[in-house]
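For reference, protein21.json (JSON, C-alpha atoms and all ligand atoms):
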[["chain", "number", "residue", "atom", "x", "y", "z"],
["T", 1, "MET", "CA", -16.72, -36.70, 19.91],
["T", 2, "ARG", "CA", -16.78, -33.32, 18.19],
["T", 3, "HIS", "CA", -19.45, -30.72, 17.60],
["T", 4, "LEU", "CA", -19.64, -28.14, 14.81],
["T", 5, "ILE", "CA", -20.63, -24.81, 16.35],
["T", 6, "ASP", "CA", -18.26, -22.30, 14.73],
["T", 7, "PRO", "CA", -16.62, -22.53, 11.29],
["T", 8, "LEU", "CA", -13.24, -22.27, 13.01],
["T", 9, "ASP", "CA", -13.91, -25.53, 14.87],
["T", 10, "PHE", "CA", -12.20, -27.03, 11.82],
["T", 11, "THR", "CA", -8.57, -26.30, 10.97],
["T", 12, "GLN", "CA", -7.75, -25.13, 7.45],
["T", 13, "GLN", "CA", -6.42, -28.62, 6.75],
["T", 14, "GLU", "CA", -9.64, -30.25, 7.97],
["T", 15, "ILE", "CA", -11.72, -27.89, 5.84],
["T", 16, "SER", "CA", -9.63, -28.74, 2.82],
["T", 17, "THR", "CA", -10.10, -32.48, 3.50],
["T", 18, "LEU", "CA", -13.87, -32.00, 3.88],
["T", 19, "LEU", "CA", -14.18, -29.99, 0.67],
["T", 20, "ASP", "CA", -12.24, -32.67, -1.23],
["T", 21, "LEU", "CA", -14.53, -35.33, 0.21],
["T", 22, "ALA", "CA", -17.60, -33.31, -0.83],
["T", 23, "ASP", "CA", -16.15, -33.18, -4.36],
["T", 24, "ARG", "CA", -15.70, -36.95, -4.39],
["T", 25, "ILE", "CA", -19.29, -37.44, -3.17],
["T", 26, "HIS", "CA", -20.49, -35.04, -5.86],
["T", 27, "ASP", "CA", -18.72, -37.15, -8.51],
["T", 28, "ASP", "CA", -19.90, -40.53, -7.21],
["T", 29, "PRO", "CA", -22.84, -40.26, -4.78],
["T", 30, "ALA", "CA", -23.69, -43.97, -5.13],
["T", 31, "ALA", "CA", -20.44, -44.91, -3.40],
["T", 32, "TYR", "CA", -21.68, -43.27, -0.19],
["T", 33, "GLN", "CA", -25.31, -44.37, -0.12],
["T", 34, "GLU", "CA", -24.92, -46.91, 2.71],
["T", 35, "VAL", "CA", -22.46, -44.99, 4.88],
["T", 36, "ALA", "CA", -25.01, -43.95, 7.53],
["T", 37, "ARG", "CA", -27.30, -46.97, 7.29],
["T", 38, "HIS", "CA", -29.41, -47.35, 10.47],
["T", 39, "LYS", "CA", -28.18, -43.97, 11.77],
["T", 40, "LYS", "CA", -30.61, -41.21, 12.69],
["T", 41, "LEU", "CA", -30.29, -37.46, 12.33],
["T", 42, "ALA", "CA", -32.57, -35.18, 14.37],
["T", 43, "THR", "CA", -33.24, -31.74, 12.92],
["T", 44, "LEU", "CA", -34.30, -29.40, 15.73],
["T", 45, "PHE", "CA", -35.33, -26.16, 14.07],
["T", 46, "TYR", "CA", -36.51, -23.47, 16.50],
["T", 47, "GLU", "CA", -36.59, -20.97, 13.66],
["T", 48, "PRO", "CA", -38.22, -21.35, 10.23],
["T", 49, "SER", "CA", -36.11, -22.84, 7.47],
["T", 50, "THR", "CA", -36.75, -24.59, 4.23],
["T", 51, "ARG", "CA", -33.50, -25.16, 2.44],
["T", 52, "THR", "CA", -31.16, -25.76, 5.35],
["T", 53, "ARG", "CA", -33.45, -28.29, 7.05],
["T", 54, "LEU", "CA", -34.27, -30.07, 3.82],
["T", 55, "SER", "CA", -30.60, -30.01, 2.86],
["T", 56, "PHE", "CA", -29.65, -31.77, 6.10],
["T", 57, "GLU", "CA", -32.48, -34.25, 5.64],
["T", 58, "ALA", "CA", -31.62, -34.91, 2.00],
["T", 59, "ALA", "CA", -27.97, -35.39, 3.01],
["T", 60, "MET", "CA", -28.86, -38.02, 5.62],
["T", 61, "LEU", "CA", -31.24, -39.81, 3.24],
["T", 62, "ASN", "CA", -28.48, -39.84, 0.61],
["T", 63, "LEU", "CA", -26.28, -41.63, 3.12],
["T", 64, "GLY", "CA", -28.92, -44.29, 3.72],
["T", 65, "GLY", "CA", -29.86, -42.93, 7.16],
["T", 66, "HIS", "CA", -33.11, -41.70, 8.70],
["T", 67, "VAL", "CA", -34.35, -38.31, 9.88],
["T", 68, "LEU", "CA", -36.67, -37.10, 12.63],
["T", 69, "GLY", "CA", -37.28, -33.72, 14.22],
["T", 70, "PHE", "CA", -39.42, -30.62, 14.21],
["T", 71, "PRO", "CA", -39.54, -27.68, 11.79],
["T", 72, "SER", "CA", -40.44, -24.79, 14.14],
["T", 73, "GLU", "CA", -40.52, -23.77, 17.76],
["T", 74, "ASN", "CA", -44.31, -23.78, 18.09],
["T", 75, "VAL", "CA", -44.58, -27.50, 17.30],
["T", 76, "SER", "CA", -41.94, -28.48, 19.89],
["T", 77, "SER", "CA", -41.96, -28.66, 23.68],
["T", 78, "ALA", "CA", -39.98, -25.41, 23.71],
["T", 79, "SER", "CA", -43.44, -23.83, 23.49],
["T", 80, "LYS", "CA", -44.18, -25.53, 26.85],
["T", 81, "GLY", "CA", -41.07, -23.94, 28.36],
["T", 82, "GLU", "CA", -38.56, -26.80, 28.05],
["T", 83, "SER", "CA", -34.89, -25.74, 28.05],
["T", 84, "VAL", "CA", -32.59, -26.52, 25.10],
["T", 85, "ALA", "CA", -30.37, -28.53, 27.47],
["T", 86, "ASP", "CA", -33.28, -30.79, 28.48],
["T", 87, "THR", "CA", -34.51, -31.16, 24.90],
["T", 88, "ILE", "CA", -31.07, -32.27, 23.79],
["T", 89, "ARG", "CA", -30.77, -34.90, 26.51],
["T", 90, "VAL", "CA", -34.12, -36.33, 25.48],
["T", 91, "VAL", "CA", -33.45, -36.21, 21.73],
["T", 92, "SER", "CA", -30.05, -37.85, 22.15],
["T", 93, "CYS", "CA", -31.93, -40.96, 23.29],
["T", 94, "TYR", "CA", -33.51, -41.12, 19.83],
["T", 95, "ALA", "CA", -30.85, -39.80, 17.44],
["T", 96, "ASP", "CA", -27.14, -40.29, 16.70],
["T", 97, "ILE", "CA", -26.50, -36.70, 15.60],
["T", 98, "VAL", "CA", -28.42, -33.42, 15.84],
["T", 99, "ALA", "CA", -28.63, -30.36, 13.58],
["T", 100, "MET", "CA", -30.00, -27.41, 15.54],
["T", 101, "ARG", "CA", -31.15, -23.97, 14.40],
["T", 102, "HIS", "CA", -32.07, -21.44, 17.08],
["T", 103, "PRO", "CA", -32.93, -17.72, 17.13],
["T", 104, "LYS", "CA", -30.67, -17.17, 20.16],
["T", 105, "GLU", "CA", -26.93, -16.79, 19.65],
["T", 106, "GLY", "CA", -25.07, -19.54, 21.50],
["T", 107, "ALA", "CA", -28.02, -21.95, 21.94],
["T", 108, "PRO", "CA", -26.39, -24.79, 19.95],
["T", 109, "MET", "CA", -23.20, -24.28, 21.98],
["T", 110, "ILE", "CA", -25.16, -24.64, 25.24],
["T", 111, "ALA", "CA", -26.82, -27.75, 23.79],
["T", 112, "SER", "CA", -23.41, -29.20, 22.89],
["T", 113, "MET", "CA", -22.24, -28.86, 26.49],
["T", 114, "ARG", "CA", -25.01, -31.23, 27.65],
["T", 115, "SER", "CA", -25.20, -33.49, 24.64],
["T", 116, "PRO", "CA", -23.92, -37.06, 24.44],
["T", 117, "VAL", "CA", -24.24, -36.92, 20.61],
["T", 118, "PRO", "CA", -22.62, -34.48, 18.13],
["T", 119, "ILE", "CA", -24.41, -31.17, 17.59],
["T", 120, "ILE", "CA", -24.22, -29.27, 14.32],
["T", 121, "ASN", "CA", -25.11, -25.59, 14.51],
["T", 122, "ALA", "CA", -27.56, -24.96, 11.66],
["T", 123, "GLY", "CA", -27.65, -21.20, 12.38],
["T", 124, "ASP", "CA", -27.75, -19.42, 15.74],
["T", 125, "GLY", "CA", -29.41, -15.99, 15.64],
["T", 126, "GLY", "CA", -27.22, -13.42, 13.92],
["T", 127, "HIS", "CA", -24.05, -15.28, 14.90],
["T", 128, "ASN", "CA", -22.76, -18.26, 12.89],
["T", 129, "HIS", "CA", -23.93, -20.71, 10.27],
["T", 130, "PRO", "CA", -20.99, -23.07, 9.78],
["T", 131, "THR", "CA", -22.53, -25.51, 7.31],
["T", 132, "GLN", "CA", -23.65, -22.63, 5.07],
["T", 133, "THR", "CA", -20.07, -21.36, 5.32],
["T", 134, "LEU", "CA", -18.73, -24.76, 4.25],
["T", 135, "ALA", "CA", -21.18, -24.70, 1.30],
["T", 136, "ASP", "CA", -19.89, -21.21, 0.46],
["T", 137, "LEU", "CA", -16.27, -22.36, 0.69],
["T", 138, "LEU", "CA", -16.99, -25.35, -1.53],
["T", 139, "THR", "CA", -18.58, -23.00, -4.07],
["T", 140, "ILE", "CA", -15.61, -20.62, -3.96],
["T", 141, "GLN", "CA", -13.16, -23.52, -4.34],
["T", 142, "ARG", "CA", -15.08, -25.00, -7.26],
["T", 143, "GLU", "CA", -15.51, -21.65, -9.02],
["T", 144, "LYS", "CA", -12.18, -19.97, -8.23],
["T", 145, "GLY", "CA", -9.86, -22.92, -7.61],
["T", 146, "SER", "CA", -8.39, -21.37, -4.47],
["T", 147, "PHE", "CA", -9.19, -19.09, -1.53],
["T", 148, "GLU", "CA", -6.17, -16.85, -1.88],
["T", 149, "ASN", "CA", -5.92, -13.32, -3.29],
["T", 150, "LEU", "CA", -9.66, -12.80, -3.63],
["T", 151, "THR", "CA", -11.55, -9.53, -3.24],
["T", 152, "ILE", "CA", -14.86, -10.44, -1.67],
["T", 153, "GLY", "CA", -17.80, -8.04, -1.66],
["T", 154, "MET", "CA", -20.39, -8.68, 1.01],
["T", 155, "CYS", "CA", -23.56, -6.75, 0.24],
["T", 156, "GLY", "CA", -26.84, -6.12, 2.07],
["T", 157, "ASP", "CA", -27.65, -6.77, 5.71],
["T", 158, "LEU", "CA", -24.19, -7.11, 7.19],
["T", 159, "LYS", "CA", -25.47, -6.34, 10.68],
["T", 160, "PHE", "CA", -27.83, -9.26, 11.18],
["T", 161, "GLY", "CA", -26.74, -11.68, 8.43],
["T", 162, "ARG", "CA", -25.16, -14.69, 10.15],
["T", 163, "THR", "CA", -24.00, -16.18, 6.85],
["T", 164, "VAL", "CA", -21.91, -13.01, 6.33],
["T", 165, "HIS", "CA", -20.44, -13.12, 9.84],
["T", 166, "SER", "CA", -19.65, -16.79, 9.52],
["T", 167, "LEU", "CA", -18.03, -16.48, 6.06],
["T", 168, "ILE", "CA", -15.85, -13.49, 7.05],
["T", 169, "HIS", "CA", -14.78, -15.48, 10.11],
["T", 170, "ALA", "CA", -13.71, -18.43, 7.92],
["T", 171, "MET", "CA", -12.21, -16.54, 4.95],
["T", 172, "ARG", "CA", -9.95, -14.29, 6.97],
["T", 173, "ARG", "CA", -7.63, -17.27, 7.47],
["T", 174, "TYR", "CA", -6.62, -17.26, 3.80],
["T", 175, "LYS", "CA", -3.79, -15.21, 2.31],
["T", 176, "GLY", "CA", -4.42, -12.11, 0.23],
["T", 177, "VAL", "CA", -8.13, -11.92, 1.00],
["T", 178, "LYS", "CA", -9.69, -8.46, 1.01],
["T", 179, "PHE", "CA", -13.25, -7.66, 2.05],
["T", 180, "ILE", "CA", -15.44, -4.88, 0.64],
["T", 181, "LEU", "CA", -18.35, -4.45, 3.02],
["T", 182, "ILE", "CA", -21.28, -2.88, 1.19],
["T", 183, "SER", "CA", -24.29, -1.90, 3.28],
["T", 184, "PRO", "CA", -26.49, 0.98, 4.37],
["T", 185, "GLU", "CA", -25.05, 2.85, 7.40],
["T", 186, "GLU", "CA", -27.61, 1.20, 9.70],
["T", 187, "LEU", "CA", -26.69, -2.34, 8.59],
["T", 188, "LYS", "CA", -22.89, -2.26, 8.83],
["T", 189, "VAL", "CA", -21.02, -5.33, 10.15],
["T", 190, "PRO", "CA", -20.92, -5.52, 13.95],
["T", 191, "GLU", "CA", -18.00, -3.85, 15.70],
["T", 192, "TYR", "CA", -16.60, -7.18, 17.00],
["T", 193, "ILE", "CA", -15.96, -8.31, 13.41],
["T", 194, "ILE", "CA", -14.26, -5.01, 12.50],
["T", 195, "GLN", "CA", -12.07, -5.41, 15.58],
["T", 196, "GLU", "CA", -11.10, -8.94, 14.51],
["T", 197, "LEU", "CA", -10.19, -7.72, 11.02],
["T", 198, "ASP", "CA", -8.19, -4.80, 12.44],
["T", 199, "HIS", "CA", -6.47, -7.04, 14.97],
["T", 200, "GLU", "CA", -5.33, -9.46, 12.28],
["T", 201, "GLY", "CA", -4.41, -6.72, 9.78],
["T", 202, "ILE", "CA", -6.87, -8.00, 7.15],
["T", 203, "PRO", "CA", -7.66, -5.37, 4.52],
["T", 204, "TYR", "CA", -11.26, -4.24, 4.25],
["T", 205, "GLU", "CA", -13.30, -1.25, 3.09],
["T", 206, "GLU", "CA", -16.75, -0.20, 4.17],
["T", 207, "THR", "CA", -18.94, 1.51, 1.58],
["T", 208, "THR", "CA", -22.58, 2.18, 0.80],
["T", 209, "SER", "CA", -22.05, 1.94, -2.98],
["T", 210, "LEU", "CA", -22.35, -1.38, -4.80],
["T", 211, "GLU", "CA", -21.59, 0.42, -8.08],
["T", 212, "ASP", "CA", -18.23, 1.73, -6.80],
["T", 213, "ALA", "CA", -17.21, -1.67, -5.48],
["T", 214, "MET", "CA", -18.32, -3.76, -8.46],
["T", 215, "PRO", "CA", -15.26, -3.50, -10.82],
["T", 216, "SER", "CA", -12.81, -4.80, -8.20],
["T", 217, "LEU", "CA", -14.78, -7.83, -7.00],
["T", 218, "ASP", "CA", -13.92, -11.51, -7.55],
["T", 219, "ILE", "CA", -16.89, -12.61, -5.44],
["T", 220, "LEU", "CA", -20.12, -10.76, -4.73],
["T", 221, "TYR", "CA", -22.05, -12.25, -1.79],
["T", 222, "MET", "CA", -25.55, -10.74, -1.81],
["T", 223, "THR", "CA", -27.81, -11.09, 1.24],
["T", 224, "ARG", "CA", -31.41, -10.53, 2.21],
["T", 225, "VAL", "CA", -32.34, -7.86, 4.77],
["T", 226, "GLN", "CA", -33.16, -10.02, 7.82],
["T", 227, "GLN", "CA", -36.71, -8.89, 8.55],
["T", 228, "GLU", "CA", -37.13, -11.22, 11.54],
["T", 229, "ARG", "CA", -34.26, -9.52, 13.44],
["T", 230, "PHE", "CA", -35.62, -5.97, 13.10],
["T", 231, "PHE", "CA", -37.33, -4.35, 16.06],
["T", 232, "ASN", "CA", -39.21, -1.92, 13.91],
["T", 233, "GLU", "CA", -41.19, -2.71, 10.74],
["T", 234, "ALA", "CA", -40.76, 0.84, 9.38],
["T", 235, "ASP", "CA", -36.96, 0.46, 9.42],
["T", 236, "TYR", "CA", -37.23, -2.85, 7.58],
["T", 237, "VAL", "CA", -39.48, -1.35, 4.91],
["T", 238, "ARG", "CA", -37.10, 1.60, 4.47],
["T", 239, "LEU", "CA", -33.99, -0.60, 4.15],
["T", 240, "LYS", "CA", -35.21, -3.77, 2.47],
["T", 241, "ASP", "CA", -34.58, -2.70, -1.13],
["T", 242, "SER", "CA", -31.29, -0.89, -0.51],
["T", 243, "TYR", "CA", -29.50, -3.05, -3.11],
["T", 244, "ILE", "CA", -31.00, -4.76, -6.11],
["T", 245, "LEU", "CA", -28.52, -6.48, -8.39],
["T", 246, "ASN", "CA", -29.59, -6.39, -12.04],
["T", 247, "PRO", "CA", -27.84, -6.94, -15.41],
["T", 248, "ASP", "CA", -27.08, -3.19, -15.77],
["T", 249, "LYS", "CA", -25.15, -3.11, -12.52],
["T", 250, "LEU", "CA", -23.11, -6.10, -13.69],
["T", 251, "GLU", "CA", -21.81, -4.24, -16.73],
["T", 252, "THR", "CA", -18.71, -3.04, -14.89],
["T", 253, "ALA", "CA", -18.12, -6.40, -13.16],
["T", 254, "LYS", "CA", -15.28, -8.81, -13.92],
["T", 255, "LYS", "CA", -16.02, -11.48, -16.53],
["T", 256, "ASP", "CA", -15.29, -14.20, -13.98],
["T", 257, "LEU", "CA", -17.14, -12.65, -11.04],
["T", 258, "CYS", "CA", -18.82, -15.28, -8.86],
["T", 259, "ILE", "CA", -22.24, -14.08, -7.64],
["T", 260, "MET", "CA", -23.35, -15.85, -4.47],
["T", 261, "HIS", "CA", -26.40, -15.67, -2.18],
["T", 262, "PRO", "CA", -27.25, -18.03, 0.70],
["T", 263, "LEU", "CA", -30.95, -17.77, -0.28],
["T", 264, "PRO", "CA", -33.82, -17.18, 0.28],
["T", 265, "ARG", "CA", -33.71, -14.20, -2.05],
["T", 266, "VAL", "CA", -36.35, -11.52, -1.71],
["T", 267, "ASN", "CA", -35.58, -8.63, -4.11],
["T", 268, "GLU", "CA", -31.80, -8.35, -3.86],
["T", 269, "ILE", "CA", -31.06, -10.13, -7.14],
["T", 270, "SER", "CA", -33.35, -9.62, -10.08],
["T", 271, "VAL", "CA", -34.38, -12.87, -11.78],
["T", 272, "ALA", "CA", -32.84, -11.51, -14.99],
["T", 273, "VAL", "CA", -29.43, -12.23, -13.40],
["T", 274, "ASP", "CA", -30.21, -15.95, -13.03],
["T", 275, "ASP", "CA", -29.19, -16.74, -16.61],
["T", 276, "ASP", "CA", -25.87, -14.91, -16.32],
["T", 277, "PRO", "CA", -23.06, -17.51, -16.23],
["T", 278, "ARG", "CA", -21.64, -15.66, -13.22],
["T", 279, "ALA", "CA", -24.71, -16.48, -11.08],
["T", 280, "CYS", "CA", -23.61, -19.24, -8.69],
["T", 281, "TYR", "CA", -26.38, -19.22, -6.08],
["T", 282, "PHE", "CA", -28.22, -22.32, -7.25],
["T", 283, "LYS", "CA", -24.93, -24.22, -7.53],
["T", 284, "GLN", "CA", -24.33, -23.09, -3.95],
["T", 285, "VAL", "CA", -27.52, -24.92, -2.87],
["T", 286, "LEU", "CA", -26.32, -28.16, -4.42],
["T", 287, "ASN", "CA", -22.89, -27.70, -2.89],
["T", 288, "GLY", "CA", -24.65, -27.29, 0.46],
["T", 289, "LYS", "CA", -26.15, -30.74, 0.12],
["T", 290, "TYR", "CA", -22.81, -32.35, -0.74],
["T", 291, "ILE", "CA", -20.98, -30.69, 2.11],
["T", 292, "ARG", "CA", -23.72, -31.75, 4.57],
["T", 293, "ILE", "CA", -23.47, -35.31, 3.27],
["S", 301, "LIG", "C1", -29.66, -18.06, 5.54],
["S", 301, "LIG", "C2", -29.90, -18.14, 7.03],
["S", 301, "LIG", "O1", -30.80, -18.85, 7.50],
["S", 301, "LIG", "O2", -29.14, -17.49, 7.73],
["S", 301, "LIG", "N1", -30.35, -19.03, 4.82],
["S", 301, "LIG", "C3", -29.81, -20.26, 4.71],
["S", 301, "LIG", "O3", -29.46, -20.90, 5.65],
["S", 301, "LIG", "N2", -29.64, -20.71, 3.48],
["S", 301, "LIG", "C4", -29.82, -16.71, 4.99],
["S", 301, "LIG", "C5", -31.11, -15.99, 5.23],
["S", 301, "LIG", "O4", -32.03, -16.47, 5.87],
["S", 301, "LIG", "O5", -31.17, -14.87, 4.73]]
Could you write out this file's structure as structure tokens?
Amino acid sequence: MRHLIDPLDFTQQEISTLLDLADRIHDDPAAYQEVARHKKLATLFYEPSTRTRLSFEAAMLNLGGHVLGFPSENVSSASKGESVADTIRVVSCYADIVAMRHPKEGAPMIASMRSPVPIINAGDGGHNHPTQTLADLLTIQREKGSFENLTIGMCGDLKFGRTVHSLIHAMRRYKGVKFILISPEELKVPEYIIQELDHEGIPYEETTSLEDAMPSLDILYMTRVQQERFFNEADYVRLKDSYILNPDKLETAKKDLCIMHPLPRVNEISVAVDDDPRACYFKQVLNGKYIRI
């Protein structure tokens, strides 16, 4: 039995096989509609979510299975003080597989150590979000055809954004990848990620200017400032609109730029960008469903 806690739990070959399978499901969903008949997925979400939870649930329903679970900590026994390890042992009596989101880094990993059924990490604090990363990889593969020789701009809250941490973690395995890390000084990527990039000799630049970075980018991954991880509301208010992508800023961008965002968007991408053929963030949502299937 395997769990999915970190995007690197899969080898590059396994990721490639999974992405190809997601493509086949995308082309012929009916062929897979009985695959998980009589199987149950539990979604244990200790942190609010709309799209990720619904994406997991839609995926299981598309496979002919069933779903159960809870959508937030205050409607679960966690609010009575139950440990994640106990919850998982109880839930594994009811479900064949579990998707867990938790505000604490490492909670799904702890759960996996006590769980007799597979655990999928659906986001742990500011750490990893492997199924979002797989959705991102599927989007990159579909839009760019390959993962090699890409200049990837990550923009926004690089300090707290787990989708950013998780995607850098996964993309650094591919040849010729370069990262441009665009954020305010206070929201730079954590030191442990910089050390990993340095250790592996992966090229990266840190900058505060989206405008300077724009012309060189093949992918622009915009992110929301993660309000829920700030200690201080005033800092959030000061930083939340640091970057707002609009059609003017895209004037210097490549014609085949791929604009991504894990969503939810707050102000970081103006709605006027939605009609630009380079906007890929709603395709990314659909890809998320196919990869979770
Ligand atoms: C992201 C998350 O939860 O980390 N959303 C998602 O899963 N699609 C990004 C975010 O909340 O900003």
So which residues are near ligand LIG 301 (chain S), meaning at most 7 Å away with all atoms listed in the file counted, given back as a PyMOL selection string?
chain T and resi 49+51-52+123+129+132+161-163+223-224+226+262-264
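Between atom CA of T:Leu245 and atom CA of T:Leu181 the interatomic distance comes to 15.4 Å.
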Any idea what the distance is between atom CA of T:Tyr281 and atom CA of T:Thr43?
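If I compute the distance from atom CA of T:Tyr281 to atom CA of T:Thr43, I get 23.8 Å.
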Within 7 Å of stretch 144-155 of chain T, counting all atoms listed in the file, which residues qualify if same-chain residues fewer than 5 places away don't, as number ranges by chain?
T: 174-183, 216-223
List as a JSON list (two decimals) with C-alpha atoms, in the coordinates of the input the protein and nucleic acid residues near stretch 68-73 of chain T, meaning an atom at most 6 Å away when only C-alpha atoms are counted, but skip any in the same chain fewer than 6 places from it.
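Writing the result to around_19.json gives the following:
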[["chain", "number", "residue", "atom", "x", "y", "z"],
["T", 42, "ALA", "CA", -32.57, -35.18, 14.37],
["T", 43, "THR", "CA", -33.24, -31.74, 12.92],
["T", 44, "LEU", "CA", -34.30, -29.40, 15.73],
["T", 45, "PHE", "CA", -35.33, -26.16, 14.07],
["T", 46, "TYR", "CA", -36.51, -23.47, 16.50],
["T", 47, "GLU", "CA", -36.59, -20.97, 13.66],
["T", 48, "PRO", "CA", -38.22, -21.35, 10.23]]
I'd like the interatomic distance between atom CA of T:Val98 and atom CA of T:Arg37, to a tenth of an Å.
16.1 Å
Nearest candidate to T:Lys249 (options T:Gly81, T:Pro184, T:Gly156, T:Pro215; using all atoms listed in the file)
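Of T:Gly81, T:Pro184, T:Gly156, T:Pro215, the one nearest T:Lys249, counting all atoms listed in the file, is T:Pro215.
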Using all atoms listed in the file, which residue out of T:Pro203, T:Pro190, T:Pro130, T:Pro277 lies closest to T:Ile15?
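Residue with the minimum atom-to-atom distance to T:Ile15: T:Pro130.
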